[in-house]
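Step one of this worksheet: look at the structure below.
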Amino acid sequence: QQLLVTLVDPGGRDSLLISNDYPEPRPDLLRRQLQVAADPTGRLQIAKQLVLAKVRNYACLAQQTAVSISDTGVAATLLQHLPQITACTSMEQLLGLEGAAARDWYRLLPARLGNGFRFERRVAPNAADPVNVMLNISQSILYRQTTIWLQQEGFCTAVGLLHTERAGHHALASDLQEPFRHLMERVVIEASRQLQPGDFMTARRGPWKLVIRPHALKRLLAVVHRVLALPVISVNDESPADYRLQILRTIRSLRRHLTWDHEDFQPFTQLSESGATTDEP
């Protein structure tokens with residue numbers, strides 16, 4: 001029987017692995033993963049599902065964080081992209097629609113921030129403003145955690161289906177991160193009410209333009225892990241499960257889709273606050 005224990009630091013980095021059989025990619029899964037990655041039609045089908053889930057989940061976040069009655073229209077604006085995403089016929093077109101939806105969301109992010117934090121545009125990875133620094137840290141934690149779970153489930157994380165492979169990048173982790181990116185945006189909105197712009201300082205040395213002070217980083221990490229532990233209901237569930245389990249369920253759904261016949265891929269899609277799905281604008 002396999003024993004596998006992974007110890008992870010608060011930043012999502014695996015620091016110790018205890019196992020009687022180091023997890024390696026499953027041959028059957030790796031074979032199918034490579035086949036689908038090389039098939040434009042199959043790859044686009046999975047990529048569409050990831051982007052559709054991402055946009056729907058951002059629409060839920062827009063509803064949850066609305067700051068005025070007029071602000072509730074943001075969700076409808078985001079959902080207007082869904083028919084075009086469903087109908088798109090190329091990866092380039094899909095990425096363009098994904099970018100358009102992201103721009104719609106980020107235009108509304110500044111009004112959701114507290115304590116004088118400002119946001120102009122998304123910058124990654126070497127940001128010079130506090131909000132992007134918090135977004136980059138939070139998304140990195142999600143990326144690392146997703147990478148660990150994908151490896152434990154037998155995937156080759158270097159082979160992506162939405163993101164392009166490059167050296168040193170776990171492209172599949174970036175893929176499976178997409179339906180949960182809204183969650184890290186929620187983290188930053190909450191953290192902006194606990195931190196101050198003065199908790200960030202210009203770096204005198206090192207690779208970063210702006211760094212977060214240690215006490216503020218500790219508080220940000222606490223928000224990340226508290227939010228990851230929140231219960232949430234998916235459109236495919238009858239009872240709530242925390243976001244960490246929803247990430248794992250999405251990974252396992254992809255594994256079943258690749259290795260079983262007639263198993264649909266069902267990435268996490270959050271049930272809206274009204275109790276209905278967010279399929280319609």
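Chains: A, B, ... in order of the structure tokens. Residues: from 1 per chain. Ligands: from 1, in order shown.
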Check which residues of segment 84-167 of chain A sit at most 7 Å from segment 174-181 of chain A using only C-alpha atoms, and return one row each with the closest pair of atoms and their distance in Å to one decimal, ordered by chain and rising number, as a tab-separated table.
```
residue	atom	partner	partner_atom	distance
A:Gln139	CA	A:Arg181	CA	7.0
A:Leu142	CA	A:Gln177	CA	6.9
A:Tyr143	CA	A:Gln177	CA	6.2
A:Thr146	CA	A:Gln177	CA	6.7
A:Gly160	CA	A:Asp175	CA	6.6
A:Leu161	CA	A:Asp175	CA	6.8
A:Leu162	CA	A:Asp175	CA	5.7
A:His163	CA	A:Asp175	CA	6.2
```
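Once Glu92 of chain A and its same-chain neighbours fewer than 4 positions away are set aside, A:Pro40, A:Leu44, A:Ala47, A:Lys48, A:Ile85, A:Cys88, A:Gly96, A:Leu97, A:Glu98, A:Gly99, A:Leu162, A:His163, A:Thr164 remain within 12 Å of it when counting only C-alpha atoms.
Distance check against Arg31 of chain A using only C-alpha atoms: of A:Ala173, A:Val211, A:Val133, A:Val159, the minimum falls on A:Val159.
Proximity to segment 220-224 of chain A at 9 Å, evaluated using only C-alpha atoms and with sequence-adjacent residues fewer than 6 positions away removed, yields Pro10, Gly11, Met134, Ile137, Ser138, Ile141, Leu142, Leu183, Met184, Val187, Val188, Glu190, Ala191, Gln194 and Leu195 of chain A.
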Output file for the residues above (C-alpha atoms, as a compact mmCIF listing (two decimals), in the first residue's frame):
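See out_6.txt below for the written result:
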```txt
# COMPACT_ATOMS: atom_id res chain seq x y z
CA PRO A 10 2.61 28.48 4.12
CA GLY A 11 3.77 29.74 0.72
CA MET A 134 -0.57 40.55 -3.28
CA ILE A 137 1.86 36.02 -4.09
CA SER A 138 -1.64 34.59 -3.70
CA ILE A 141 0.44 29.75 -3.65
CA LEU A 142 -2.54 28.41 -5.59
CA LEU A 183 -10.60 32.90 -5.14
CA MET A 184 -7.22 34.62 -4.89
CA VAL A 187 -8.17 37.01 -0.86
CA VAL A 188 -6.67 40.30 -2.03
CA GLU A 190 -10.15 40.92 2.02
CA ALA A 191 -6.45 41.54 2.67
CA GLN A 194 -6.48 44.32 6.86
CA LEU A 195 -3.25 45.75 5.46
```
### Query
If you count only C-alpha atoms, which residues fall within 8 Å of Gln196 of chain A, apart from same-chain ones fewer than 5 positions away, as a PyMOL selection string?
chain A and resi 115-117
Let's have the selection written as a PDB file, in the first residue's frame, with C-alpha atoms.
```pdb
ATOM      1  CA  ASN A 115      -7.581  51.309   2.981  1.00  0.00           C
ATOM      2  CA  GLY A 116      -6.492  53.465   0.069  1.00  0.00           C
ATOM      3  CA  PHE A 117      -5.148  50.646  -2.108  1.00  0.00           C
TER       4      PHE A 117
END
```
### Query
Could you pull out the alpha helix (DSSP H) residues of segment 4-245 of chain A from DSSP and send them as a PyMOL selection string?
chain A and resi 27-37+40-64+73-79+82-87+91-108+130-152+171-177+181-191+214-228+243-245
